[in-house]
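Chemist: Please find query.cif (mmCIF, C-alpha atoms) on the next line:
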data_protein
#
loop_
_atom_site.label_atom_id
_atom_site.label_comp_id
_atom_site.auth_asym_id
_atom_site.auth_seq_id
_atom_site.Cartn_x
_atom_site.Cartn_y
_atom_site.Cartn_z
CA MET A 124 0.00 0.00 0.00
CA TYR A 125 2.63 2.48 1.10
CA ARG A 126 4.81 1.73 -1.91
CA SER A 127 1.86 2.14 -4.26
CA PHE A 128 1.06 5.52 -2.70
CA ILE A 129 4.63 6.76 -3.17
CA LEU A 130 4.65 5.64 -6.80
CA MET A 131 1.36 7.40 -7.42
CA LEU A 132 2.67 10.60 -5.80
CA ILE A 133 5.78 10.55 -7.98
CA VAL A 134 3.64 10.12 -11.10
CA LEU A 135 1.43 13.05 -10.09
CA LEU A 136 4.37 15.34 -9.36
CA THR A 137 6.10 14.59 -12.65
CA ALA A 138 2.85 15.24 -14.48
CA ILE A 139 2.62 18.80 -13.04
CA PRO A 140 4.05 21.38 -15.46
CA ALA A 141 7.31 22.99 -14.35
CA GLY A 142 5.61 26.38 -14.15
CA ALA A 143 3.13 25.02 -11.63
CA GLN A 144 5.83 23.48 -9.46
CA GLU A 145 7.68 26.80 -9.33
CA ARG A 146 5.25 29.57 -10.19
CA GLY A 147 7.77 32.34 -9.80
CA VAL A 148 7.70 35.59 -7.85
CA ARG A 149 5.02 38.27 -7.91
CA VAL A 150 6.12 41.86 -7.30
CA ARG A 151 3.49 44.52 -6.70
CA VAL A 152 4.52 48.16 -7.06
CA ASP A 153 2.42 50.96 -5.53
CA ASN A 154 2.66 54.66 -6.28
CA PRO A 155 1.81 56.62 -3.11
CA SER A 156 2.40 60.02 -4.73
CA LEU A 157 -0.07 62.41 -6.35
CA PHE A 158 1.79 62.53 -9.66
CA PRO A 159 2.59 59.92 -12.31
CA ARG A 160 5.81 57.91 -12.20
CA ILE A 161 6.66 57.31 -15.84
CA ASP A 162 9.43 54.93 -16.88
CA GLU A 163 10.84 54.78 -13.36
CA LEU A 164 13.23 52.03 -12.32
CA ILE A 165 12.39 50.01 -9.24
CA GLU A 166 14.95 47.87 -7.43
CA VAL A 167 14.07 44.35 -6.32
CA PRO A 168 16.72 42.69 -4.13
CA TRP A 169 17.77 39.47 -5.83
CA SER A 170 17.78 37.79 -2.41
CA ASP A 171 14.01 38.44 -2.17
CA LEU A 172 13.50 36.61 -5.45
CA LEU A 173 15.62 33.64 -4.35
CA ARG A 174 13.36 33.11 -1.32
CA TYR A 175 10.62 31.99 -3.70
CA VAL A 176 12.66 30.67 -6.64
CA PRO A 177 15.98 29.40 -5.23
CA THR A 178 17.16 28.30 -8.69
CA LEU A 179 16.59 31.68 -10.34
CA ALA A 180 19.66 32.76 -12.31
CA PRO A 181 20.46 35.85 -14.41
CA SER A 182 21.21 33.52 -17.33
CA GLY A 183 17.57 32.46 -17.58
CA PHE A 184 14.59 34.48 -16.32
CA ALA A 185 11.72 36.59 -17.60
CA VAL A 186 9.85 39.61 -16.21
CA GLU A 187 6.20 39.60 -17.28
CA ASP A 188 3.44 42.09 -16.61
CA SER A 189 0.85 40.24 -14.52
CA ALA A 190 -2.11 41.72 -16.39
CA SER A 191 -0.95 41.61 -20.02
CA GLY A 192 1.81 39.01 -19.91
CA LYS A 193 4.04 41.37 -21.85
CA SER A 194 7.76 41.41 -21.15
CA LEU A 195 9.02 44.39 -19.12
CA PRO A 196 12.46 46.01 -19.58
CA SER A 197 14.87 44.87 -16.88
CA GLN A 198 18.52 44.78 -15.86
CA VAL A 199 20.48 42.73 -13.33
CA ILE A 200 23.22 44.44 -11.29
CA ASP A 201 26.10 42.92 -9.33
CA LEU A 202 26.99 45.69 -6.89
CA ASP A 203 30.06 44.20 -5.24
CA GLY A 204 31.62 42.40 -8.20
CA ASP A 205 31.43 38.94 -6.63
CA GLY A 206 29.78 37.40 -9.69
CA ARG A 207 26.36 37.08 -8.04
CA PRO A 208 23.40 39.40 -8.78
CA ASP A 209 22.29 41.84 -6.09
CA LEU A 210 19.50 43.84 -7.74
CA LEU A 211 16.89 43.35 -10.41
CA LEU A 212 15.89 46.64 -12.03
CA VAL A 213 12.50 46.80 -13.72
CA ARG A 214 11.09 49.80 -15.55
CA VAL A 215 7.49 50.59 -14.66
CA ALA A 216 4.92 53.33 -15.33
CA LEU A 217 2.24 54.23 -12.78
CA GLN A 218 -0.46 56.85 -12.54
CA PRO A 219 -1.00 58.71 -9.22
CA GLY A 220 -2.11 56.31 -6.49
CA ALA A 221 -2.04 53.34 -8.88
CA SER A 222 -0.32 49.97 -8.67
CA VAL A 223 1.11 47.46 -11.11
CA ALA A 224 2.30 43.90 -10.68
CA PHE A 225 4.73 41.70 -12.55
CA ASN A 226 6.03 38.16 -12.27
CA VAL A 227 9.64 37.06 -12.32
CA VAL A 228 9.89 33.47 -13.57
CA ARG A 229 12.54 31.05 -14.71
CA SER A 230 13.09 30.87 -18.45
CA SER A 231 15.10 28.70 -20.78
CA ALA A 232 16.76 31.80 -22.16
CA PRO A 233 18.00 35.15 -20.80
CA PRO A 234 15.86 38.26 -21.32
CA ALA A 235 15.97 39.71 -24.81
CA ALA A 236 18.80 42.21 -25.24
CA LEU A 237 17.65 45.82 -25.09
CA PRO A 238 19.23 48.72 -26.94
CA SER A 239 21.34 50.39 -24.27
CA LEU A 240 20.14 53.78 -23.09
CA THR A 241 23.05 54.32 -20.69
CA ASP A 242 26.83 53.98 -20.66
CA ALA A 243 29.85 54.51 -18.42
CA ARG A 244 33.47 54.19 -19.48
CA PHE A 245 37.04 55.00 -18.44
CA VAL A 246 38.67 56.83 -21.33
CA LEU A 247 42.37 56.75 -22.15
CA PRO A 248 44.69 58.56 -22.56
CA ARG A 249 42.78 61.35 -20.78
CA GLU A 250 41.82 59.10 -17.82
CA ASP A 251 38.31 60.56 -17.71
CA LEU A 252 35.37 58.66 -16.28
CA ALA A 253 32.48 59.56 -18.61
CA TRP A 254 28.86 58.50 -18.39
CA GLU A 255 25.56 59.26 -20.10
CA ASN A 256 22.00 58.29 -20.81
CA ASP A 257 19.50 59.18 -23.53
CA ARG A 258 19.15 62.73 -22.16
CA ILE A 259 22.48 64.09 -20.93
CA ALA A 260 26.16 63.20 -20.41
CA PHE A 261 28.76 63.90 -17.73
CA ARG A 262 32.40 63.25 -16.94
CA MET A 263 34.91 63.52 -14.11
CA TYR A 264 38.64 63.85 -14.41
CA GLY A 265 41.34 61.41 -13.40
CA PRO A 266 45.05 61.60 -12.59
CA ALA A 267 46.12 62.82 -16.05
CA LEU A 268 44.58 66.26 -15.40
CA ALA A 269 45.37 66.53 -11.69
CA LYS A 270 47.23 69.84 -12.17
CA GLU A 271 44.30 71.53 -13.93
CA VAL A 272 41.07 70.44 -12.25
CA ASP A 273 39.63 69.01 -9.04
CA ASN A 274 36.69 66.66 -8.39
CA GLY A 275 34.03 68.66 -10.25
CA ILE A 276 31.42 67.12 -12.56
CA ASP A 277 31.48 68.26 -16.19
CA VAL A 278 28.29 68.43 -18.31
CA TRP A 279 27.97 67.38 -21.94
CA THR A 280 24.70 68.66 -23.38
CA LYS A 281 22.91 66.47 -25.94
CA ARG A 282 20.37 67.10 -28.70
CA VAL A 283 19.94 63.42 -29.54
CA ARG A 284 18.61 60.38 -27.70
CA SER A 285 21.47 58.16 -28.88
CA LEU A 286 24.70 57.58 -26.96
CA ILE A 287 27.49 59.92 -28.02
CA VAL A 288 30.35 59.72 -25.50
CA GLN A 289 32.38 57.05 -27.28
CA LYS A 290 31.85 58.76 -30.65
CA TRP A 291 32.93 62.18 -29.37
CA TYR A 292 36.07 60.87 -27.71
CA LYS A 293 37.00 58.95 -30.86
CA ALA A 294 36.64 62.12 -32.94
CA ALA A 295 38.92 63.94 -30.50
CA GLN A 296 41.74 61.43 -30.97
CA THR A 297 42.75 62.98 -34.28
CA ALA A 298 42.25 66.62 -33.24
CA LEU A 299 45.02 69.05 -32.41
CA PRO A 300 45.71 69.54 -28.68
CA GLY A 301 43.19 71.95 -27.22
CA HIS A 302 40.86 71.68 -30.23
CA ASP A 303 38.56 68.82 -29.26
CA PRO A 304 35.64 68.86 -31.75
CA TYR A 305 33.05 68.15 -29.07
CA HIS A 306 33.39 71.72 -27.82
CA GLU A 307 31.31 72.78 -30.83
CA ASP A 308 27.77 71.67 -31.60
CA HIS A 309 27.72 69.70 -34.87
CA GLY A 310 24.07 68.70 -34.50
CA GLU A 311 24.29 66.36 -31.49
CA GLY A 312 25.18 68.79 -28.71
CA ALA A 313 28.52 69.77 -27.19
CA ASP A 314 30.67 70.23 -24.11
CA PHE A 315 30.02 73.89 -23.34
CA PHE A 316 30.56 73.59 -19.58
CA ALA A 317 33.64 74.93 -17.76
CA VAL A 318 34.54 73.15 -14.51
CA GLY A 319 38.02 74.27 -13.51
CA ARG A 320 38.66 73.58 -9.84
CA SER A 321 35.02 73.92 -8.86
CA LEU A 322 32.46 71.26 -7.92
CA GLY A 323 30.94 71.67 -11.39
CA ALA A 324 27.43 70.25 -11.68
CA GLY A 325 26.89 68.60 -8.33
CA ALA A 326 30.07 67.09 -6.92
CA CYS A 327 30.65 67.32 -3.17
CA ALA A 328 33.37 67.82 -0.58
CA LEU A 329 33.85 68.10 3.14
CA ILE A 330 33.37 71.60 4.44
CA SER A 331 35.26 73.33 7.25
CA GLY A 332 33.86 76.73 8.16
CA ASP A 333 33.74 78.57 4.84
CA SER A 334 36.26 76.30 3.12
CA LEU A 335 35.63 73.34 0.86
CA LEU A 336 38.09 70.47 1.33
CA GLN A 337 38.02 69.12 -2.20
CA PRO A 338 39.96 65.86 -2.58
CA GLY A 339 41.37 66.42 -6.08
CA VAL A 340 40.78 64.14 -9.06
CA PHE A 341 39.77 60.54 -8.44
CA ALA A 342 42.55 58.10 -7.61
CA GLY A 343 40.67 54.89 -8.42
CA TYR A 344 37.51 53.74 -10.15
CA ARG A 345 35.28 50.68 -10.59
CA ILE A 346 32.56 50.44 -13.22
CA ILE A 347 29.62 48.46 -11.80
CA ALA A 348 27.17 48.57 -14.71
CA THR A 349 26.94 50.19 -18.13
CA GLY A 350 23.30 49.53 -19.09
CA PRO A 351 20.91 49.08 -20.72
CA LEU A 352 18.76 50.95 -18.16
CA ARG A 353 21.27 52.13 -15.55
CA ALA A 354 24.95 53.02 -15.61
CA MET A 355 26.77 52.91 -12.28
CA PHE A 356 30.34 53.29 -11.08
CA GLU A 357 32.44 54.07 -8.00
CA LEU A 358 35.25 56.55 -7.52
CA SER A 359 37.77 56.74 -4.70
CA TYR A 360 39.88 59.75 -3.70
CA ASN A 361 43.05 60.44 -1.81
CA PRO A 362 42.44 61.35 1.85
CA VAL A 363 42.02 64.87 3.18
CA PHE A 364 42.18 66.16 6.76
CA LEU A 365 39.24 67.70 8.56
CA GLY A 366 41.17 69.17 11.45
CA THR A 367 43.16 66.20 12.68
CA ARG A 368 40.76 63.62 11.25
CA LYS A 369 41.95 61.74 8.19
CA VAL A 370 38.98 61.23 5.84
CA THR A 371 38.80 59.25 2.61
CA GLN A 372 35.95 60.05 0.23
CA LYS A 373 34.26 57.48 -1.99
CA MET A 374 31.41 58.13 -4.41
CA ARG A 375 28.96 55.83 -6.14
CA ILE A 376 27.20 57.50 -9.06
CA ALA A 377 24.26 56.10 -11.02
CA ILE A 378 22.19 57.46 -13.87
CA ASP A 379 18.97 55.91 -15.14
CA ALA A 380 17.54 56.04 -18.64
CA GLY A 381 15.26 59.02 -19.14
CA SER A 382 16.55 61.00 -16.15
CA ASN A 383 18.53 64.24 -16.05
CA PHE A 384 19.70 63.51 -12.51
CA ASN A 385 22.55 61.44 -11.12
CA ARG A 386 22.02 59.59 -7.88
CA ILE A 387 25.16 60.22 -5.84
CA ASP A 388 26.01 58.11 -2.79
CA VAL A 389 28.96 59.58 -0.94
CA LEU A 390 30.80 57.75 1.82
CA PHE A 391 33.34 59.42 4.08
CA ASP A 392 35.54 56.73 5.54
CA ALA A 393 36.62 58.02 8.95
CA LYS A 394 36.22 57.52 12.66
CA GLY A 395 34.27 59.74 15.00
CA PRO A 396 31.17 61.93 14.76
CA ALA A 397 29.14 62.94 11.69
CA LEU A 398 30.89 64.95 9.01
CA PRO A 399 29.72 68.23 7.43
CA PHE A 400 29.83 68.31 3.64
CA ALA A 401 28.49 70.37 0.77
CA ALA A 402 27.29 69.54 -2.74
CA GLY A 403 27.55 72.43 -5.15
CA VAL A 404 26.85 73.85 -8.59
CA VAL A 405 29.34 76.32 -10.01
CA LYS A 406 28.16 79.77 -11.06
CA ARG A 407 28.37 80.83 -14.69
CA ASN A 408 28.14 84.31 -16.17
CA GLY A 409 24.61 85.69 -16.03
CA VAL A 410 22.96 82.81 -14.19
CA THR A 411 20.09 83.23 -11.74
CA GLY A 412 19.99 81.13 -8.60
CA HIS A 413 17.03 79.51 -6.95
CA ALA A 414 17.11 78.12 -3.42
CA ASP A 415 14.16 76.05 -2.17
CA SER A 416 14.75 75.30 1.49
CA GLY A 417 11.44 73.43 1.71
CA SER A 418 12.62 70.86 -0.85
CA CYS A 419 16.32 71.17 0.04
CA ALA A 420 16.98 72.00 -3.61
CA ALA A 421 19.23 74.58 -5.26
CA SER A 422 19.58 75.42 -8.93
CA LEU A 423 21.27 77.77 -11.36
CA TRP A 424 19.82 78.79 -14.73
CA GLY A 425 21.25 80.87 -17.51
CA LEU A 426 22.65 81.03 -21.02
CA THR A 427 24.74 77.99 -21.90
CA THR A 428 27.33 80.24 -23.56
CA GLU A 429 27.45 83.88 -24.59
CA ARG A 430 25.68 82.90 -27.80
CA GLN A 431 21.87 83.02 -27.56
CA GLU A 432 21.51 80.25 -30.14
CA GLU A 433 23.13 77.76 -27.74
CA GLY A 434 20.09 77.97 -25.48
CA PHE A 435 19.86 77.86 -21.70
CA LEU A 436 21.32 75.41 -19.20
CA GLY A 437 20.08 74.53 -15.74
CA THR A 438 22.09 72.74 -13.07
CA GLY A 439 20.80 71.66 -9.69
CA ILE A 440 21.01 69.59 -6.51
CA VAL A 441 18.34 67.93 -4.38
CA MET A 442 19.19 66.55 -0.93
CA PRO A 443 16.98 64.54 1.45
CA LYS A 444 15.65 66.63 4.32
CA SER A 445 17.01 64.08 6.78
CA ILE A 446 20.61 65.07 6.04
CA CYS A 447 20.15 68.61 4.67
CA ARG A 448 21.46 71.46 6.79
CA GLY A 449 20.66 74.44 4.58
CA ILE A 450 21.67 76.26 1.41
CA ARG A 451 24.59 78.67 1.12
CA GLU A 452 25.81 80.96 -1.65
CA THR A 453 29.51 81.69 -2.12
CA PRO A 454 31.30 83.74 -4.79
CA LEU A 455 31.89 80.53 -6.79
CA HIS A 456 29.09 78.11 -5.86
CA LEU A 457 25.54 77.62 -4.79
CA LEU A 458 25.87 74.94 -2.11
CA VAL A 459 23.50 72.54 -0.42
CA LEU A 460 24.90 71.70 3.00
CA GLY A 461 24.58 68.24 4.45
CA VAL A 462 25.78 65.97 7.19
CA ALA A 463 26.99 62.39 6.73
CA GLU A 464 27.56 59.74 9.35
CA ALA A 465 31.12 58.49 9.19
CA GLY A 466 31.32 55.19 7.34
CA LYS A 467 27.73 55.34 6.02
CA ARG A 468 26.55 56.39 2.58
CA ALA A 469 24.72 59.71 2.25
CA THR A 470 22.54 60.10 -0.85
CA TYR A 471 21.59 63.13 -2.90
CA TYR A 472 20.74 63.91 -6.54
CA ALA A 473 22.43 66.31 -8.95
CA GLY A 474 22.03 66.97 -12.65
CA ALA A 475 21.56 69.30 -15.57
CA GLY A 476 18.99 70.16 -18.23
CA TRP A 477 19.43 71.95 -21.58
CA THR A 478 16.72 73.77 -23.50
CA ARG A 479 18.00 72.42 -26.83
CA GLY A 480 17.76 68.87 -25.49
CA GLY A 481 13.98 68.97 -25.77
CA ASP A 482 12.98 68.32 -22.14
CA PHE A 483 13.07 71.85 -20.68
CA SER A 484 12.18 75.18 -22.23
CA THR A 485 12.07 77.51 -19.20
CA GLU A 486 13.63 77.94 -15.79
CA GLU A 487 10.25 77.18 -14.23
CA GLU A 488 10.20 73.76 -15.88
CA TRP A 489 13.70 73.00 -14.59
CA ILE A 490 12.78 74.04 -11.04
CA ARG A 491 9.66 71.87 -11.29
CA ALA A 492 11.86 68.89 -12.22
CA LEU A 493 13.96 69.48 -9.09
CA ARG A 494 10.84 69.61 -6.93
CA THR A 495 9.54 66.41 -8.50
CA CYS A 496 12.89 64.75 -7.74
CA ALA A 497 12.51 65.83 -4.10
CA LEU A 498 8.94 64.48 -3.95
CA LYS A 499 10.08 61.13 -5.34
CA MET A 500 12.62 60.85 -2.53
CA GLU A 501 9.93 61.63 0.05
CA SER A 502 7.40 59.19 -1.48
CA PRO A 503 9.29 56.27 -2.97
CA LEU A 504 7.45 53.54 -4.84
CA THR A 505 6.68 50.66 -2.48
CA LEU A 506 7.23 46.99 -3.28
CA THR A 507 5.47 43.86 -2.05
CA VAL A 508 7.19 40.58 -2.98
CA SER A 509 5.30 37.28 -2.75
CA ALA A 510 4.89 33.94 -4.48
CA ALA A 511 3.19 34.22 -7.85
CA HIS A 512 -0.46 33.13 -7.94
#
Can the structure in the file be given as structure tokens, please?
Modeler:
Amino acid sequence: MYRSFILMLIVLLTAIPAGAQERGVRVRVDNPSLFPRIDELIEVPWSDLLRYVPTLAPSGFAVEDSASGKSLPSQVIDLDGDGRPDLLLVRVALQPGASVAFNVVRSSAPPAALPSLTDARFVLPREDLAWENDRIAFRMYGPALAKEVDNGIDVWTKRVRSLIVQKWYKAAQTALPGHDPYHEDHGEGADFFAVGRSLGAGACALISGDSLLQPGVFAGYRIIATGPLRAMFELSYNPVFLGTRKVTQKMRIAIDAGSNFNRIDVLFDAKGPALPFAAGVVKRNGVTGHADSGSCAASLWGLTTERQEEGFLGTGIVMPKSICRGIRETPLHLLVLGVAEAGKRATYYAGAGWTRGGDFSTEEEWIRALRTCALKMESPLTLTVSAAH
């Protein structure tokens, strides 16, 4: 009897389709805010997925909308470089107060390759770290230019949705020194921004009284992801001294497709109490400043160059209220002041928008984008992970 029962159970189990034995994971996403969240990336910890599908692997999975069954754009990220995934990124669109759900299931093949909307690369011989998405591009300088610049963020304005960084650097390889062709707009945009030894468009540094303790150009880098939906990398700097405290600064920067803002996670490796720091945007000729203490946001807006036909450029910073300590103007910068616990990452957002890029036409629209960024930080999309039905 017992043996017959076991045999019958084995027959029944093998007759159940694989999808029924392991139905996958259901992720529900809720939008608590009063405005739409269009093409926003949500992060699902890979460990949460493994609780329900222990055999899930980045080499074979699918992300399907629960209602339509359509495939959703996704990306897997290995944050620490140990060869194992840490995050699943999924792009979703939600109306105010709405929710969506999708299933993550095993598949016999990896997700279909998406055209990349982001990129990050270390560029020789300049030793720049350059990154971009379908809206805007940025770069920071490495050891090769240590005598000329500091840790500021440079802006490359774009008039196209395609990726241009690699193309522009390649064109510069055959140019005469000091005559890089990407400083002129040939129909795709250009590098009109001047950084010098400033913080540029949103870099940060420790602050002591009225002095910024900028750490110089980055000493090391690690590219975490290049796309297709998010580019992410880390930079490390030589130590500086805040009084007698030796502090080493590290930054993790990420940009998502469709966004004009970088997420910047800064970590000050030191012992002792919390550390004061400032994120800043450098002033340009003729710009107007806007400080919004309620949103902990600061922005500058003005002509991109002296030529009216080059349009207007906005730069700005948004910091969470939990770490924000005010806004300060100096002769060189508009600064957002913050405080960071030693050894813990502090997060803020910084970016730029160009009128000729097609997303912003007025200063009011740029300021509205900064406020929306602040509201997204205050009301993040919420996730509920469970077994698929």
Chemist: What does the PyMOL selection byres ((chain A and resi 174-177) around 12) select in this file, as a PDB file with C-alpha atoms, in the coordinates of the input?
Modeler:
ATOM      1  CA  GLY A 142       5.610  26.380 -14.150  1.00  0.00           C
ATOM      2  CA  GLN A 144       5.830  23.480  -9.460  1.00  0.00           C
ATOM      3  CA  GLU A 145       7.680  26.800  -9.330  1.00  0.00           C
ATOM      4  CA  ARG A 146       5.250  29.570 -10.190  1.00  0.00           C
ATOM      5  CA  GLY A 147       7.770  32.340  -9.800  1.00  0.00           C
ATOM      6  CA  VAL A 148       7.700  35.590  -7.850  1.00  0.00           C
ATOM      7  CA  ARG A 149       5.020  38.270  -7.910  1.00  0.00           C
ATOM      8  CA  VAL A 150       6.120  41.860  -7.300  1.00  0.00           C
ATOM      9  CA  PRO A 168      16.720  42.690  -4.130  1.00  0.00           C
ATOM     10  CA  TRP A 169      17.770  39.470  -5.830  1.00  0.00           C
ATOM     11  CA  SER A 170      17.780  37.790  -2.410  1.00  0.00           C
ATOM     12  CA  ASP A 171      14.010  38.440  -2.170  1.00  0.00           C
ATOM     13  CA  LEU A 172      13.500  36.610  -5.450  1.00  0.00           C
ATOM     14  CA  LEU A 173      15.620  33.640  -4.350  1.00  0.00           C
ATOM     15  CA  THR A 178      17.160  28.300  -8.690  1.00  0.00           C
ATOM     16  CA  LEU A 179      16.590  31.680 -10.340  1.00  0.00           C
ATOM     17  CA  ALA A 180      19.660  32.760 -12.310  1.00  0.00           C
ATOM     18  CA  PHE A 184      14.590  34.480 -16.320  1.00  0.00           C
ATOM     19  CA  ASN A 226       6.030  38.160 -12.270  1.00  0.00           C
ATOM     20  CA  VAL A 227       9.640  37.060 -12.320  1.00  0.00           C
ATOM     21  CA  VAL A 228       9.890  33.470 -13.570  1.00  0.00           C
ATOM     22  CA  ARG A 229      12.540  31.050 -14.710  1.00  0.00           C
ATOM     23  CA  SER A 230      13.090  30.870 -18.450  1.00  0.00           C
ATOM     24  CA  VAL A 508       7.190  40.580  -2.980  1.00  0.00           C
ATOM     25  CA  SER A 509       5.300  37.280  -2.750  1.00  0.00           C
ATOM     26  CA  ALA A 510       4.890  33.940  -4.480  1.00  0.00           C
ATOM     27  CA  ALA A 511       3.190  34.220  -7.850  1.00  0.00           C
ATOM     28  CA  HIS A 512      -0.460  33.130  -7.940  1.00  0.00           C
TER      29      HIS A 512
END
Chemist: Smallest atom-to-atom distance to Gly417 (chain A): which of A:His456, A:Arg375, A:Arg494, A:Arg386, using all atoms listed in the file?
Modeler: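 So, comparing all the options, the nearest one is A:Arg494.
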Chemist: Each residue of region 341-394 of chain A lying at most 12 Å from region 231-236 of chain A should get a row with its shortest atom-to-atom pair and the distance in Å to one decimal, counting only C-alpha atoms; could you produce that, ordered by chain and increasing number, as CSV?
Modeler:
residue,atom,partner,partner_atom,distance
A:Gly350,CA,A:Ala236,CA,10.6
A:Pro351,CA,A:Ala236,CA,8.5
A:Leu352,CA,A:Ala236,CA,11.2
Chemist: Just write the chosen residues, C-alpha atoms, as an mmCIF file, keeping the file's coordinate frame.
Modeler:
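Final file, again.cif:
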data_model
loop_
_atom_site.group_PDB
_atom_site.id
_atom_site.type_symbol
_atom_site.label_atom_id
_atom_site.label_comp_id
_atom_site.auth_asym_id
_atom_site.auth_seq_id
_atom_site.Cartn_x
_atom_site.Cartn_y
_atom_site.Cartn_z
ATOM 1 C CA GLY A 350 23.300 49.530 -19.090
ATOM 2 C CA PRO A 351 20.910 49.080 -20.720
ATOM 3 C CA LEU A 352 18.760 50.950 -18.160
#
Chemist: Can you list, as a VMD selection string, the residues that the PyMOL selection byres ((chain A and resi 254) around 7) selects here?
Modeler: chain A and resid 242 to 244 252 to 253 255 260 to 262
Chemist: Which residue out of A:Ala295, A:Leu457, A:Ala497, A:Met355 has the minimum interatomic distance to Ala377 (chain A) when all atoms listed in the file are used?
Modeler: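 Of A:Ala295, A:Leu457, A:Ala497, A:Met355, the one nearest Ala377 (chain A), counting all atoms listed in the file, is A:Met355.
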Chemist: Might you pull out every residue within 12 Å of Ile287 (chain A), with only C-alpha atoms counted and same-chain residues fewer than 5 positions away left off, and present them as a ChimeraX atom specification?
Modeler: /A:239-244,253-261,279-282,292-294,305,309-314
Chemist: My list of candidates is A:Ile450, A:Asp273, A:Phe316, A:Ile200. Which is closest to Phe356 (chain A) when distances are computed with only C-alpha atoms?
Modeler: A:Ile200
Chemist: Record the distance separating CA of Val199 (chain A) and CA of Gly381 (chain A), expressed in Å with one decimal.
Modeler: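 These atoms are spaced 18.1 Å apart.
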Chemist: Which residues are near Pro362 (chain A)? Cut-off 8 Å, only C-alpha atoms, ignore same chain within fewer than 6 positions. Put them as a list in words.
Modeler: Pro338, Lys369, Val370, Thr371 and Gln372 of chain A
Chemist: Expand the PyMOL selection byres ((chain A and resi 407) around 10) into the explicit residue set it covers here, and present it as a list in words.
Modeler: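 Applying the expression gives Phe316, Ala317, Val318, Val404, Val405, Lys406, Asn408, Gly409, Val410, Thr411, Leu423, Trp424, Gly425, Leu426, Thr427, Thr428, Leu436, Leu455 and His456 of chain A.
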Chemist: Produce a file of the selected residues containing C-alpha atoms, as a PDB file, in the frame of the given file.
Modeler:
ATOM      1  CA  PHE A 316      30.560  73.590 -19.580  1.00  0.00           C
ATOM      2  CA  ALA A 317      33.640  74.930 -17.760  1.00  0.00           C
ATOM      3  CA  VAL A 318      34.540  73.150 -14.510  1.00  0.00           C
ATOM      4  CA  VAL A 404      26.850  73.850  -8.590  1.00  0.00           C
ATOM      5  CA  VAL A 405      29.340  76.320 -10.010  1.00  0.00           C
ATOM      6  CA  LYS A 406      28.160  79.770 -11.060  1.00  0.00           C
ATOM      7  CA  ASN A 408      28.140  84.310 -16.170  1.00  0.00           C
ATOM      8  CA  GLY A 409      24.610  85.690 -16.030  1.00  0.00           C
ATOM      9  CA  VAL A 410      22.960  82.810 -14.190  1.00  0.00           C
ATOM     10  CA  THR A 411      20.090  83.230 -11.740  1.00  0.00           C
ATOM     11  CA  LEU A 423      21.270  77.770 -11.360  1.00  0.00           C
ATOM     12  CA  TRP A 424      19.820  78.790 -14.730  1.00  0.00           C
ATOM     13  CA  GLY A 425      21.250  80.870 -17.510  1.00  0.00           C
ATOM     14  CA  LEU A 426      22.650  81.030 -21.020  1.00  0.00           C
ATOM     15  CA  THR A 427      24.740  77.990 -21.900  1.00  0.00           C
ATOM     16  CA  THR A 428      27.330  80.240 -23.560  1.00  0.00           C
ATOM     17  CA  LEU A 436      21.320  75.410 -19.200  1.00  0.00           C
ATOM     18  CA  LEU A 455      31.890  80.530  -6.790  1.00  0.00           C
ATOM     19  CA  HIS A 456      29.090  78.110  -5.860  1.00  0.00           C
TER      20      HIS A 456
END
Chemist: CA of Phe364 (chain A) and CA of Leu322 (chain A), how far apart in Å?
Modeler: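 Pair CA of Leu322 (chain A) / CA of Phe364 (chain A) returns 18.3 Å.
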Chemist: Would you mind reading off the distance between CA of Ala465 (chain A) and CA of Leu398 (chain A), one decimal, in Å?
Modeler: 6.5 Å
Chemist: Of the candidates A:Ala393, A:Leu202, A:Ala190, A:Met263, which one gets nearest to Ser222 (chain A) if we count only C-alpha atoms?
Modeler: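 Of A:Ala393, A:Leu202, A:Ala190, A:Met263, the one nearest Ser222 (chain A) is A:Ala190, counting only C-alpha atoms.
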Chemist: With distances taken over all atoms listed in the file, which residue among A:Lys467, A:Phe435, A:Asp188, A:Val462 lies nearest Phe483 (chain A)?
Modeler: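 Among A:Lys467, A:Phe435, A:Asp188, A:Val462, it is A:Phe435 that comes nearest to Phe483 (chain A).
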